[in-house]
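Asks: File structure_0.pdb follows (PDB, C-alpha atoms, pLDDT in the B column):
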ATOM      1  CA  MET B   6     128.963 104.066   7.763  1.00 48.00           C
ATOM      2  CA  ALA B   7     128.343 107.786   8.235  1.00 57.00           C
ATOM      3  CA  SER B   8     124.810 109.093   8.588  1.00 80.00           C
ATOM      4  CA  ASN B   9     123.245 112.505   8.958  1.00 85.00           C
ATOM      5  CA  PRO B  10     123.044 113.396  12.664  1.00 89.00           C
ATOM      6  CA  ILE B  11     120.205 115.905  12.109  1.00 92.00           C
ATOM      7  CA  ILE B  12     116.670 114.567  12.551  1.00 93.00           C
ATOM      8  CA  THR B  13     114.919 117.772  11.501  1.00 93.00           C
ATOM      9  CA  GLU B  14     115.987 121.345  10.749  1.00 94.00           C
ATOM     10  CA  ASP B  15     113.971 124.327   9.594  1.00 95.00           C
ATOM     11  CA  GLN B  16     113.797 128.104   9.783  1.00 96.00           C
ATOM     12  CA  PHE B  17     111.291 129.430  12.294  1.00 97.00           C
ATOM     13  CA  GLU B  18     109.721 132.843  12.531  1.00 97.00           C
ATOM     14  CA  ILE B  19     109.422 133.795  16.179  1.00 96.00           C
ATOM     15  CA  ARG B  20     105.909 135.075  16.850  1.00 96.00           C
ATOM     16  CA  GLN B  21     105.971 135.539  20.616  1.00 95.00           C
ATOM     17  CA  VAL B  22     108.538 135.850  23.402  1.00 93.00           C
ATOM     18  CA  ASP B  23     107.130 135.766  26.935  1.00 90.00           C
ATOM     19  CA  HIS B  24     109.801 137.158  29.246  1.00 79.00           C
ATOM     20  CA  GLU B  25     107.532 136.707  32.274  1.00 79.00           C
ATOM     21  CA  ALA B  26     106.818 132.992  31.675  1.00 64.00           C
ATOM     22  CA  HIS B  27     108.509 131.094  34.499  1.00 67.00           C
ATOM     23  CA  PHE B  28     111.951 131.907  35.796  1.00 76.00           C
ATOM     24  CA  ASP B  29     114.383 134.808  35.892  1.00 80.00           C
ATOM     25  CA  ARG B  30     116.429 134.914  32.669  1.00 86.00           C
ATOM     26  CA  VAL B  31     114.211 132.269  30.996  1.00 91.00           C
ATOM     27  CA  SER B  32     111.663 133.187  28.328  1.00 91.00           C
ATOM     28  CA  ARG B  33     109.034 131.066  26.615  1.00 94.00           C
ATOM     29  CA  VAL B  34     109.383 131.416  22.838  1.00 95.00           C
ATOM     30  CA  SER B  35     106.758 130.476  20.221  1.00 97.00           C
ATOM     31  CA  GLY B  36     107.217 130.193  16.480  1.00 97.00           C
ATOM     32  CA  SER B  37     106.260 128.557  13.202  1.00 97.00           C
ATOM     33  CA  SER B  38     108.523 126.924  10.664  1.00 95.00           C
ATOM     34  CA  LYS B  39     108.734 128.311   7.153  1.00 91.00           C
ATOM     35  CA  THR B  40     109.099 125.022   5.260  1.00 92.00           C
ATOM     36  CA  PHE B  41     107.628 122.045   7.125  1.00 91.00           C
ATOM     37  CA  GLY B  42     104.689 123.725   8.884  1.00 92.00           C
ATOM     38  CA  LEU B  43     105.986 122.874  12.369  1.00 95.00           C
ATOM     39  CA  LYS B  44     104.903 124.755  15.478  1.00 97.00           C
ATOM     40  CA  VAL B  45     107.298 125.153  18.387  1.00 97.00           C
ATOM     41  CA  VAL B  46     107.122 126.507  21.921  1.00 97.00           C
ATOM     42  CA  PHE B  47     110.320 126.338  23.976  1.00 96.00           C
ATOM     43  CA  ASP B  48     112.070 127.811  26.987  1.00 94.00           C
ATOM     44  CA  VAL B  49     115.423 129.512  26.483  1.00 93.00           C
ATOM     45  CA  ASN B  50     117.857 131.416  28.685  1.00 91.00           C
ATOM     46  CA  THR B  51     117.521 134.805  27.001  1.00 88.00           C
ATOM     47  CA  ASP B  52     120.261 136.290  29.169  1.00 89.00           C
ATOM     48  CA  ILE B  53     122.846 134.244  27.299  1.00 92.00           C
ATOM     49  CA  TYR B  54     120.922 133.901  24.009  1.00 94.00           C
ATOM     50  CA  PRO B  55     118.623 136.874  23.341  1.00 94.00           C
ATOM     51  CA  ILE B  56     115.574 136.197  21.148  1.00 95.00           C
ATOM     52  CA  GLU B  57     112.916 138.733  20.184  1.00 94.00           C
ATOM     53  CA  GLU B  58     109.594 138.624  18.357  1.00 95.00           C
ATOM     54  CA  GLY B  59     110.144 138.682  14.601  1.00 95.00           C
ATOM     55  CA  ASP B  60     113.538 136.947  14.755  1.00 96.00           C
ATOM     56  CA  ASP B  61     114.218 134.185  12.255  1.00 97.00           C
ATOM     57  CA  LEU B  62     115.913 131.174  13.844  1.00 97.00           C
ATOM     58  CA  THR B  63     117.272 127.985  12.392  1.00 97.00           C
ATOM     59  CA  ILE B  64     116.295 125.223  14.811  1.00 96.00           C
ATOM     60  CA  ALA B  65     117.536 121.655  14.515  1.00 96.00           C
ATOM     61  CA  LEU B  66     117.107 118.472  16.509  1.00 96.00           C
ATOM     62  CA  ALA B  67     119.955 115.985  16.275  1.00 93.00           C
ATOM     63  CA  LYS B  68     120.608 112.521  17.666  1.00 91.00           C
ATOM     64  CA  THR B  69     124.300 113.302  18.167  1.00 89.00           C
ATOM     65  CA  LEU B  70     126.775 116.163  17.850  1.00 88.00           C
ATOM     66  CA  GLU B  71     129.203 113.938  15.948  1.00 82.00           C
ATOM     67  CA  LEU B  72     129.577 115.056  12.315  1.00 80.00           C
ATOM     68  CA  ASP B  73     129.747 111.447  11.115  1.00 75.00           C
ATOM     69  CA  GLY B  74     126.463 110.586  12.847  1.00 72.00           C
ATOM     70  CA  GLN B  75     128.016 108.213  15.383  1.00 74.00           C
ATOM     71  CA  LEU B  76     125.949 108.171  18.556  1.00 71.00           C
ATOM     72  CA  SER B  77     127.384 110.080  21.485  1.00 66.00           C
ATOM     73  CA  HIS B  78     128.454 108.579  24.799  1.00 61.00           C
ATOM     74  CA  ASP B  79     125.940 108.393  27.646  1.00 63.00           C
ATOM     75  CA  SER B  80     128.127 110.637  29.774  1.00 60.00           C
ATOM     76  CA  TYR B  81     129.678 114.055  29.249  1.00 63.00           C
ATOM     77  CA  ASP B  82     132.642 114.017  26.872  1.00 67.00           C
ATOM     78  CA  PRO B  83     134.972 116.995  27.518  1.00 65.00           C
ATOM     79  CA  SER B  84     136.632 116.505  24.121  1.00 63.00           C
ATOM     80  CA  LEU B  85     133.471 118.036  22.577  1.00 66.00           C
ATOM     81  CA  LEU B  86     135.022 121.412  23.398  1.00 67.00           C
ATOM     82  CA  THR B  87     138.274 120.739  21.546  1.00 67.00           C
ATOM     83  CA  ARG B  88     137.211 118.992  18.324  1.00 78.00           C
ATOM     84  CA  ARG B  89     134.887 119.635  15.410  1.00 85.00           C
ATOM     85  CA  THR B  90     131.231 118.854  16.094  1.00 86.00           C
ATOM     86  CA  LEU B  91     127.817 119.879  14.865  1.00 89.00           C
ATOM     87  CA  ALA B  92     127.660 122.410  17.718  1.00 88.00           C
ATOM     88  CA  GLU B  93     130.133 124.655  15.843  1.00 91.00           C
ATOM     89  CA  ARG B  94     127.395 125.519  13.332  1.00 93.00           C
ATOM     90  CA  TYR B  95     124.993 126.809  15.995  1.00 95.00           C
ATOM     91  CA  ASP B  96     124.964 129.379  18.786  1.00 94.00           C
ATOM     92  CA  TYR B  97     122.828 127.658  21.436  1.00 94.00           C
ATOM     93  CA  VAL B  98     122.946 123.921  22.174  1.00 93.00           C
ATOM     94  CA  CYS B  99     121.053 121.843  24.760  1.00 92.00           C
ATOM     95  CA  HIS B 100     120.807 118.106  25.452  1.00 92.00           C
ATOM     96  CA  GLY B 101     117.480 116.623  26.447  1.00 94.00           C
ATOM     97  CA  THR B 102     114.993 113.761  26.526  1.00 96.00           C
ATOM     98  CA  VAL B 103     111.639 113.229  24.808  1.00 97.00           C
ATOM     99  CA  TYR B 104     109.307 112.596  27.754  1.00 97.00           C
ATOM    100  CA  LYS B 105     105.872 112.595  26.106  1.00 97.00           C
ATOM    101  CA  VAL B 106     104.388 111.933  22.663  1.00 96.00           C
ATOM    102  CA  GLN B 107     100.829 112.862  21.779  1.00 94.00           C
ATOM    103  CA  ALA B 108      99.081 111.971  18.498  1.00 90.00           C
ATOM    104  CA  GLY B 109      96.955 114.618  16.816  1.00 85.00           C
ATOM    105  CA  GLU B 110      93.182 114.260  16.691  1.00 83.00           C
ATOM    106  CA  LYS B 111      93.137 113.397  12.972  1.00 80.00           C
ATOM    107  CA  GLY B 112      96.110 111.033  13.231  1.00 76.00           C
ATOM    108  CA  ASP B 113      98.261 112.956  10.758  1.00 84.00           C
ATOM    109  CA  SER B 114     100.132 115.100  13.275  1.00 92.00           C
ATOM    110  CA  VAL B 115     102.152 114.494  16.410  1.00 95.00           C
ATOM    111  CA  THR B 116     103.356 116.581  19.341  1.00 96.00           C
ATOM    112  CA  PHE B 117     106.628 115.846  21.120  1.00 97.00           C
ATOM    113  CA  TYR B 118     107.400 117.153  24.588  1.00 98.00           C
ATOM    114  CA  ILE B 119     111.115 117.427  25.325  1.00 97.00           C
ATOM    115  CA  SER B 120     112.913 118.462  28.506  1.00 97.00           C
ATOM    116  CA  PHE B 121     116.356 120.049  28.326  1.00 94.00           C
ATOM    117  CA  GLY B 122     117.315 119.988  31.985  1.00 90.00           C
ATOM    118  CA  GLY B 123     114.015 121.632  32.935  1.00 89.00           C
ATOM    119  CA  LEU B 124     113.803 123.954  29.938  1.00 92.00           C
ATOM    120  CA  LEU B 125     110.852 122.556  28.013  1.00 95.00           C
ATOM    121  CA  MET B 126     109.965 122.268  24.335  1.00 97.00           C
ATOM    122  CA  LYS B 127     106.706 121.385  22.610  1.00 97.00           C
ATOM    123  CA  LEU B 128     107.104 120.560  18.905  1.00 97.00           C
ATOM    124  CA  THR B 129     104.074 119.845  16.724  1.00 96.00           C
ATOM    125  CA  GLY B 130     103.952 118.829  13.075  1.00 94.00           C
ATOM    126  CA  GLN B 131     103.124 116.220  10.484  1.00 92.00           C
ATOM    127  CA  ILE B 132     104.212 112.716  11.455  1.00 86.00           C
ATOM    128  CA  GLN B 133     106.392 112.214   8.354  1.00 86.00           C
ATOM    129  CA  LYS B 134     108.392 115.414   9.077  1.00 88.00           C
ATOM    130  CA  LEU B 135     109.166 114.259  12.637  1.00 91.00           C
ATOM    131  CA  SER B 136     109.454 110.505  12.082  1.00 88.00           C
ATOM    132  CA  GLY B 137     112.978 110.248  13.517  1.00 89.00           C
ATOM    133  CA  ILE B 138     111.869 111.236  17.027  1.00 95.00           C
ATOM    134  CA  GLU B 139     110.738 108.669  19.614  1.00 94.00           C
ATOM    135  CA  LEU B 140     109.639 108.567  23.241  1.00 97.00           C
ATOM    136  CA  ASN B 141     112.586 108.521  25.717  1.00 96.00           C
ATOM    137  CA  MET B 142     115.006 109.479  22.935  1.00 94.00           C
ATOM    138  CA  LYS B 143     118.021 111.577  23.893  1.00 93.00           C
ATOM    139  CA  LEU B 144     118.628 114.425  21.477  1.00 93.00           C
ATOM    140  CA  TYR B 145     120.231 117.813  20.997  1.00 93.00           C
ATOM    141  CA  LEU B 146     118.490 121.121  20.377  1.00 96.00           C
ATOM    142  CA  LEU B 147     120.604 123.416  18.197  1.00 96.00           C
ATOM    143  CA  ILE B 148     119.655 127.045  17.483  1.00 97.00           C
ATOM    144  CA  ARG B 149     121.174 129.930  15.522  1.00 96.00           C
ATOM    145  CA  HIS B 150     119.850 133.213  14.210  1.00 95.00           C
ATOM    146  CA  SER B 151     119.183 132.882  10.470  1.00 89.00           C
ATOM    147  CA  GLN B 152     121.049 135.141   8.074  1.00 73.00           C
TER     148      GLN B 152
END
With the file now loaded, output its structure as structure tokens.
Replies:
Amino acid sequence: MASNPIITEDQFEIRQVDHEAHFDRVSRVSGSSKTFGLKVVFDVNTDIYPIEEGDDLTIALAKTLELDGQLSHDSYDPSLLTRRTLAERYDYVCHGTVYKVQAGEKGDSVTFYISFGGLLMKLTGQIQKLSGIELNMKLYLLIRHSQ
């Protein structure tokens, strides 16, 4: 049975881009979602995917790139480059692991820390908006500039 591969997706207004954050060609980007009230801070290679303050981005987290929702293999699948996948709808795609989960002080929010091969993400929001994410989960970060 097919299921939706996307765990969460929203439009984010980028509020800050720190080009001096950590490494050459990597910037730390901060933004807020327009619908679900999520806050995000993430590292991105701005040499290959330029982002500036004020940009509107669509950011999604997905459990797989397969359009039918079938979980991906544990190893690299070169056929991803030659067939239709969720990645076609986005401009920047990374694969990573949730390495830390932290409950909010009032118990109604949660923060997830995700590593995409050393590029880090911190995603904070209401528990019900992020309920599909778990500790040690493998997932995909998908980004595109909003129209």
Asks: Out of B:Ser37, B:Gln133, B:Ser114, B:Asn50, which residue has the shortest atom-to-atom distance to Glu18 of chain B when counting all atoms listed in the file?
Replies: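 Using all atoms listed in the file, the shortest distance to Glu18 of chain B belongs to B:Ser37.
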Asks: Hey, what comes out of the PyMOL selection byres ((chain B and resi 89-94) around 10) on this file? Could you write it as a list in words?
Replies: Pro10, Ile11, Ala67, Thr69, Leu70, Glu71, Leu72, Asp73, Gly74, Ser84, Leu85, Leu86, Thr87, Arg88, Tyr95, Asp96, Tyr97, Val98, Cys99, Tyr145, Leu146, Leu147, Ile148 and Arg149 of chain B
Asks: Applying 10 Å and all atoms listed in the file, which residues near Val34 of chain B remain after dropping the ones on its own chain fewer than 3 positions away? List them as a list in words.
Replies: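 Once the adjacent positions are removed, what remains is Ile19, Arg20, Gln21, Val22, Asp23, His24, Ala26, Val31, Val45, Val46, Phe47, Asp48, Val49, Thr51, Ile56, Glu57, Glu58 and Met126 of chain B.
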Asks: Check what the PyMOL selection byres ((chain B and resi 118) around 6) selects in the file above and give those residues as a PyMOL selection string.
Replies: chain B and resi 103-105+117+119+126-127
Asks: For the residues in that selection, give me C-alpha atoms as a compact mmCIF listing (two decimals), in the frame of the given file.
Replies:
# COMPACT_ATOMS: atom_id res chain seq x y z
CA VAL B 103 111.64 113.23 24.81
CA TYR B 104 109.31 112.60 27.75
CA LYS B 105 105.87 112.60 26.11
CA PHE B 117 106.63 115.85 21.12
CA ILE B 119 111.12 117.43 25.32
CA MET B 126 109.96 122.27 24.34
CA LYS B 127 106.71 121.38 22.61
Asks: From the set B:Asp15, B:Glu110, B:Asp29, B:Asp52, which residue has the shortest atom-to-atom contact distance to Leu135 of chain B, counting all atoms listed in the file?
Replies: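 Closest residue, counting all atoms listed in the file: B:Asp15.
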Asks: In Å, how far is it from atom CA of Val106 of chain B to atom CA of Lys44 of chain B?
Replies: 14.7 Å
Asks: May I ask for the distance between atom CA of Asp113 of chain B and atom CA of Lys134 of chain B, given in Å to one decimal place?
Replies: 10.6 Å
Asks: Any idea what the distance is between atom CA of His100 of chain B and atom CA of Lys143 of chain B?
Replies: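 Pair atom CA of His100 of chain B / atom CA of Lys143 of chain B returns 7.3 Å.
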Asks: Place a sphere of radius 12 Å on (123.2, 135.7, 7.5) in the file coordinates and name every protein, DNA or RNA residue with an atom inside or on its surface, counting only C-alpha atoms; give the answer as number ranges by chain.
Replies: B: 61-63, 149-152
Asks: Could you put an axis-aligned box around every listed atom of segment 135-152 of chain B, padded by 5 Å on each side, and send me its centre and edge lengths in Å to one decimal, as AutoDock Vina command-line options?
Replies:
--center_x 115.2 --center_y 121.8 --center_z 16.9 --size_x 22.0 --size_y 36.6 --size_z 27.6
Asks: Residues near Ile132 of chain B, anyone? I mean within 10 Å using all atoms listed in the file, not counting same-chain ones fewer than 3 positions away, as a PyMOL selection string.
Replies: chain B and resi 108-109+112-116+129+135-138
Asks: Given the choices B:Ser8, B:Ser32, B:Thr40, B:Leu66, which gets closest to Gln131 of chain B if the distance is worked out from only C-alpha atoms?
Replies: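 Among B:Ser8, B:Ser32, B:Thr40, B:Leu66, it is B:Thr40 that comes nearest to Gln131 of chain B.
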Asks: Write out as a VMD selection string each polymer residue whose atoms come within 6 Å of Ser120 of chain B, counting all atoms listed in the file; drop sequence neighbours fewer than 3 positions from it.
Replies: chain B and resid 101 to 102 123 to 125
